[in-house]
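To start, the structure under review is shown below, and the notes come after it.
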Amino acid sequence: MNDSGKALRTGFTTGACAAAATKASLSMLLSGLRVHEAVIRLPGGQCAGFSVTESRRSGISATACVKKDGGDDPDVTSGLSICSEVSLRPDLQDGTVLFLHGEGVGTVTLAGLGIPLGEPAINPVPRTMITGVVRTLLDRYGVSGGASVRISVPGGAALAEKTMNARLGVLGGISIIGTSGIVVPYSGQAYLDSIRRALQVAAENGCRELAISAGARSENALRSVFPGLPEQAFIHYGNRIGKTLEMIGDIGGFERVVVGVMLAKSTKLAQGELDLSSRSVGLDREFIAGLAAKTGYPESTGESILERELVRSVVELIPFRAHEPFYRELAEACRSTCASVIPSIGLTFVLISQEHGCIVCPDNR
């Protein structure tokens, strides 16, 4: 629900929209009738209806478009047209679907996404949905052979420039994605799915060491310390550091993980919190003052910490330097929290201050 108590509206993934547009195109092609709505079955078994915003037929091909509606989720692809051009292919084996490149949909150039290299970036679940729609309709109308499907997203190439697609080896457009077909507002599932894809690409392309961070600023800090790591090794966890570490363990094959976290959120991680989500991170004064006392700072330092409002203001009392026991202890506490999730993988923890640089806490095994 939103702040007013009103239930948030769910939406649909680009994959579900592509399957609906494909059904509308092929239905029009086989029946000769214009289609205004396409109803498809989602991976979870429920049915969903989609309004067809545009359709046309030409010979053995037909095209239909569905507008992407992400519901109340802040989905950057909402409002885009997801179009599918379907052509009958009697030369193909019965039920075969050939995926062709379309405007605004990227091309896969790196292994790890479960899609053959050189193919359009239509993820496995959407491919399964689209193939199911095609086979059902061909069988219903008694048509032998297969079909080619060209998914296009006008404006997709420009949008892709604002994403991490290029790092994943998806060039020239967006990916057609979705595992359930449904977008749940603010669930973060799409973001977690993107992390998993990035990790799979890293693993498939030989990365044995990763550098994970919240976002672009902290990644830049890590790059200054670990300049030799390849592009695919740098992964953003947002605030979901625990889930990211779990996925790293599940995927396997990684020998070391460099974990970077900003000083402002390090106190939560140091206390065992693996989800760093919050609109603003306040200072747990008691914890920080206790850490200062534990590491030998005078009582006056602890008293001053208790008067502070922001984590970053601690650097005014204790300079942000690697040899300061306070920061070494804070970094080690964060590293220990992360090690509880992936105990068998080497960990290097990096405490980051945007103004003062990095403090590295290597694995002590």
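Ordering of the structure tokens sets the chain letters (A, B, ...), residue numbers begin anew at 1 in every chain, and ligands are numbered from 1 in the order given.
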
For region 245-253 of chain A, work out the shell of residues within 12 Å, counting only C-alpha atoms and skipping chain neighbours fewer than 3 positions away, then give it as number ranges by chain. A: 112, 192-213, 233, 235-237, 239-242, 256-259, 274-275, 335, 337-347

As a list in words, please: every residue in region 170-264 of chain A that a backbone DSSP assignment puts in strand (DSSP E).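 After running DSSP on the backbone, region 170-264 of chain A has strand (DSSP E) at Val170, Leu171, Ile182, Val183, Glu209, Leu210, Ala211, Ile212, Ser213, Phe234, Ile235, His236, Arg256, Val257, Val258, Val259, Gly260, Val261 and Met262 of chain A.
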
Write the selection just made, keeping N, CA and C atoms, as a compact mmCIF listing (two decimals), in the first residue's frame?
# COMPACT_ATOMS: atom_id res chain seq x y z
N VAL A 170 24.72 -7.14 -23.32
CA VAL A 170 23.51 -6.90 -24.12
C VAL A 170 23.68 -5.54 -24.77
N LEU A 171 23.86 -5.53 -26.09
CA LEU A 171 24.19 -4.30 -26.80
C LEU A 171 23.07 -3.87 -27.73
N ILE A 182 4.47 -10.73 -13.82
CA ILE A 182 3.83 -9.68 -13.04
C ILE A 182 4.88 -8.81 -12.37
N VAL A 183 4.64 -7.51 -12.37
CA VAL A 183 5.49 -6.56 -11.66
C VAL A 183 4.77 -6.19 -10.37
N GLU A 209 36.94 -13.44 -9.09
CA GLU A 209 36.92 -12.43 -8.02
C GLU A 209 35.90 -11.37 -8.40
N LEU A 210 35.06 -10.99 -7.44
CA LEU A 210 34.04 -9.98 -7.65
C LEU A 210 34.31 -8.77 -6.78
N ALA A 211 33.77 -7.61 -7.18
CA ALA A 211 33.80 -6.42 -6.35
C ALA A 211 32.38 -5.88 -6.30
N ILE A 212 31.71 -6.03 -5.16
CA ILE A 212 30.30 -5.64 -5.06
C ILE A 212 30.19 -4.34 -4.26
N SER A 213 29.27 -3.49 -4.70
CA SER A 213 29.09 -2.19 -4.06
C SER A 213 27.66 -1.73 -4.26
N PHE A 234 32.41 -6.15 -11.46
CA PHE A 234 31.81 -5.13 -10.60
C PHE A 234 30.29 -5.25 -10.62
N ILE A 235 29.72 -5.54 -9.45
CA ILE A 235 28.29 -5.81 -9.30
C ILE A 235 27.70 -4.82 -8.31
N HIS A 236 26.50 -4.30 -8.61
CA HIS A 236 25.81 -3.40 -7.69
C HIS A 236 24.76 -4.17 -6.89
N ARG A 256 36.92 -15.17 -4.41
CA ARG A 256 37.04 -14.03 -3.51
C ARG A 256 36.03 -12.96 -3.88
N VAL A 257 35.50 -12.29 -2.86
CA VAL A 257 34.57 -11.19 -3.07
C VAL A 257 35.07 -9.97 -2.31
N VAL A 258 35.25 -8.88 -3.02
CA VAL A 258 35.55 -7.59 -2.40
C VAL A 258 34.22 -6.90 -2.14
N VAL A 259 33.96 -6.58 -0.89
CA VAL A 259 32.68 -5.96 -0.51
C VAL A 259 32.94 -4.52 -0.10
N GLY A 260 32.34 -3.59 -0.81
CA GLY A 260 32.48 -2.18 -0.48
C GLY A 260 31.18 -1.62 0.08
N VAL A 261 31.27 -0.82 1.14
CA VAL A 261 30.08 -0.18 1.69
C VAL A 261 30.45 1.21 2.17
N MET A 262 29.54 2.15 1.95
CA MET A 262 29.76 3.51 2.39
C MET A 262 29.73 3.59 3.92

Ala21 (chain A) environment, 6 Å, only C-alpha atoms, sequence neighbours closer than 5 positions dropped, as a ChimeraX atom specification: /A:64-66,83-84

Could you please take those selected residues and save all heavy atoms as a compact mmCIF listing (two decimals), in the first residue's frame?
# COMPACT_ATOMS: atom_id res chain seq x y z
N ALA A 64 1.53 -6.62 -34.02
CA ALA A 64 0.65 -6.04 -33.00
C ALA A 64 1.52 -5.49 -31.88
O ALA A 64 2.62 -5.98 -31.62
CB ALA A 64 -0.33 -7.07 -32.47
N CYS A 65 1.00 -4.45 -31.21
CA CYS A 65 1.74 -3.81 -30.12
C CYS A 65 0.88 -3.73 -28.86
O CYS A 65 -0.34 -3.58 -28.93
CB CYS A 65 2.18 -2.40 -30.51
SG CYS A 65 3.23 -2.32 -31.98
N VAL A 66 1.56 -3.84 -27.74
CA VAL A 66 0.94 -3.71 -26.42
C VAL A 66 1.75 -2.67 -25.65
O VAL A 66 2.98 -2.69 -25.68
CB VAL A 66 0.96 -5.06 -25.67
CG1 VAL A 66 0.60 -4.88 -24.21
CG2 VAL A 66 0.02 -6.04 -26.34
N CYS A 83 6.20 -4.55 -29.30
CA CYS A 83 5.59 -4.99 -30.54
C CYS A 83 6.13 -6.36 -30.97
O CYS A 83 7.29 -6.69 -30.69
CB CYS A 83 5.85 -3.98 -31.66
SG CYS A 83 5.25 -2.31 -31.28
N SER A 84 5.28 -7.12 -31.64
CA SER A 84 5.70 -8.44 -32.14
C SER A 84 5.23 -8.60 -33.57
O SER A 84 4.04 -8.50 -33.88
CB SER A 84 5.09 -9.54 -31.27
OG SER A 84 5.45 -10.81 -31.78

Once DSSP has gone over the backbone, tell me which residues of region 83-315 of chain A are in alpha helix (DSSP H), as an mmCIF file with C-alpha atoms, in the first residue's frame.
data_model
loop_
_atom_site.group_PDB
_atom_site.id
_atom_site.type_symbol
_atom_site.label_atom_id
_atom_site.label_comp_id
_atom_site.auth_asym_id
_atom_site.auth_seq_id
_atom_site.Cartn_x
_atom_site.Cartn_y
_atom_site.Cartn_z
ATOM 1 C CA PRO A 124 14.332 -17.713 -21.208
ATOM 2 C CA VAL A 125 10.938 -17.349 -19.487
ATOM 3 C CA PRO A 126 9.570 -14.851 -22.057
ATOM 4 C CA ARG A 127 10.858 -17.150 -24.818
ATOM 5 C CA THR A 128 8.960 -20.029 -23.256
ATOM 6 C CA MET A 129 5.781 -17.924 -23.010
ATOM 7 C CA ILE A 130 6.052 -16.757 -26.620
ATOM 8 C CA THR A 131 6.779 -20.266 -27.896
ATOM 9 C CA GLY A 132 3.788 -21.620 -25.984
ATOM 10 C CA VAL A 133 1.483 -19.011 -27.503
ATOM 11 C CA VAL A 134 2.716 -19.775 -31.025
ATOM 12 C CA ARG A 135 2.413 -23.563 -30.695
ATOM 13 C CA THR A 136 -1.072 -23.359 -29.207
ATOM 14 C CA LEU A 137 -2.385 -21.171 -32.029
ATOM 15 C CA LEU A 138 -0.712 -23.129 -34.820
ATOM 16 C CA ASP A 139 -2.179 -26.326 -33.403
ATOM 17 C CA ARG A 140 -5.632 -24.752 -32.996
ATOM 18 C CA GLY A 156 14.505 0.801 -26.347
ATOM 19 C CA ALA A 157 17.993 1.575 -27.641
ATOM 20 C CA ALA A 158 18.025 5.030 -26.043
ATOM 21 C CA LEU A 159 16.692 3.645 -22.768
ATOM 22 C CA ALA A 160 19.333 0.908 -22.736
ATOM 23 C CA GLN A 189 12.316 -8.519 -7.476
ATOM 24 C CA ALA A 190 13.312 -7.102 -10.856
ATOM 25 C CA TYR A 191 16.413 -5.594 -9.268
ATOM 26 C CA LEU A 192 17.334 -8.898 -7.615
ATOM 27 C CA ASP A 193 16.832 -10.648 -10.952
ATOM 28 C CA SER A 194 19.220 -8.172 -12.566
ATOM 29 C CA ILE A 195 21.837 -8.889 -9.883
ATOM 30 C CA ARG A 196 21.534 -12.619 -10.532
ATOM 31 C CA ARG A 197 21.960 -12.078 -14.282
ATOM 32 C CA ALA A 198 25.055 -9.946 -13.670
ATOM 33 C CA LEU A 199 26.541 -12.636 -11.428
ATOM 34 C CA GLN A 200 25.803 -15.346 -13.978
ATOM 35 C CA VAL A 201 27.520 -13.314 -16.700
ATOM 36 C CA ALA A 202 30.539 -12.788 -14.435
ATOM 37 C CA ALA A 203 30.765 -16.511 -13.670
ATOM 38 C CA GLU A 204 30.361 -17.612 -17.281
ATOM 39 C CA ALA A 216 28.211 3.888 -9.189
ATOM 40 C CA ARG A 217 29.930 6.111 -6.608
ATOM 41 C CA SER A 218 31.100 3.268 -4.417
ATOM 42 C CA GLU A 219 32.064 1.254 -7.508
ATOM 43 C CA ASN A 220 34.338 4.082 -8.615
ATOM 44 C CA ALA A 221 36.001 3.984 -5.204
ATOM 45 C CA LEU A 222 36.575 0.229 -5.513
ATOM 46 C CA ARG A 223 37.971 0.623 -9.014
ATOM 47 C CA SER A 224 40.650 2.954 -7.648
ATOM 48 C CA VAL A 225 41.775 0.216 -5.250
ATOM 49 C CA ILE A 241 23.795 -6.964 0.224
ATOM 50 C CA GLY A 242 22.613 -10.121 1.999
ATOM 51 C CA LYS A 243 20.621 -11.391 -0.992
ATOM 52 C CA THR A 244 23.529 -10.608 -3.284
ATOM 53 C CA LEU A 245 25.922 -12.614 -1.136
ATOM 54 C CA GLU A 246 23.448 -15.498 -1.045
ATOM 55 C CA MET A 247 23.274 -15.525 -4.841
ATOM 56 C CA ILE A 248 27.065 -15.463 -5.059
ATOM 57 C CA GLY A 249 27.147 -18.587 -2.914
ATOM 58 C CA ASP A 250 24.365 -20.261 -4.900
ATOM 59 C CA ILE A 251 25.944 -19.622 -8.306
ATOM 60 C CA LEU A 263 30.598 4.679 5.901
ATOM 61 C CA ALA A 264 27.039 5.956 6.331
ATOM 62 C CA LYS A 265 25.613 2.440 6.146
ATOM 63 C CA SER A 266 28.495 0.482 7.601
ATOM 64 C CA THR A 267 27.163 0.658 11.154
ATOM 65 C CA LYS A 268 24.025 -1.257 10.161
ATOM 66 C CA LEU A 269 26.103 -3.935 8.450
ATOM 67 C CA ALA A 270 28.513 -4.101 11.391
ATOM 68 C CA ARG A 285 25.304 6.607 18.771
ATOM 69 C CA GLU A 286 25.475 3.943 21.460
ATOM 70 C CA PHE A 287 26.990 1.381 19.107
ATOM 71 C CA ILE A 288 29.548 3.803 17.688
ATOM 72 C CA ALA A 289 30.503 5.163 21.110
ATOM 73 C CA GLY A 290 30.899 1.607 22.389
ATOM 74 C CA LEU A 291 33.115 0.730 19.431
ATOM 75 C CA ALA A 292 35.274 3.782 20.127
ATOM 76 C CA ALA A 293 35.648 2.779 23.765
ATOM 77 C CA LYS A 294 36.440 -0.824 22.805
ATOM 78 C CA GLU A 299 35.890 8.811 27.084
ATOM 79 C CA SER A 300 35.560 12.328 25.691
ATOM 80 C CA THR A 301 35.449 10.912 22.142
ATOM 81 C CA GLY A 302 32.555 8.644 23.064
ATOM 82 C CA GLU A 303 30.714 11.542 24.690
ATOM 83 C CA SER A 304 31.121 13.625 21.544
ATOM 84 C CA ILE A 305 29.857 10.753 19.382
#

List the neighbours of Val52 (chain A) out to 9 Å using only C-alpha atoms; skip same-chain residues closer than 2 positions along the sequence, and give me the result as JSON, numbers by chain. {"A": [20, 21, 24, 35, 36, 37, 38, 50, 54, 55, 64, 65, 66, 67]}

Please produce a file of the residues just selected, as a PDB file, in the first residue's frame, where the atoms kept are C-alpha atoms.
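This went into again_30.pdb:
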ATOM      1  CA  ALA A  20       0.517 -10.917 -25.555  1.00  0.00           C
ATOM      2  CA  ALA A  21       1.612  -8.939 -28.619  1.00  0.00           C
ATOM      3  CA  ALA A  24      -2.457 -10.791 -31.067  1.00  0.00           C
ATOM      4  CA  VAL A  35      -7.599  -8.328 -32.483  1.00  0.00           C
ATOM      5  CA  HIS A  36      -8.307  -5.712 -29.811  1.00  0.00           C
ATOM      6  CA  GLU A  37      -7.366  -7.736 -26.742  1.00  0.00           C
ATOM      7  CA  ALA A  38      -5.034 -10.658 -26.117  1.00  0.00           C
ATOM      8  CA  PHE A  50      -3.777  -6.928 -22.645  1.00  0.00           C
ATOM      9  CA  GLU A  54      -1.679  -1.126 -32.785  1.00  0.00           C
ATOM     10  CA  SER A  55      -2.038  -3.915 -35.341  1.00  0.00           C
ATOM     11  CA  ALA A  64       0.654  -6.036 -33.003  1.00  0.00           C
ATOM     12  CA  CYS A  65       1.739  -3.812 -30.122  1.00  0.00           C
ATOM     13  CA  VAL A  66       0.941  -3.709 -26.424  1.00  0.00           C
ATOM     14  CA  LYS A  67       1.780  -0.777 -24.169  1.00  0.00           C
TER      15      LYS A  67
END
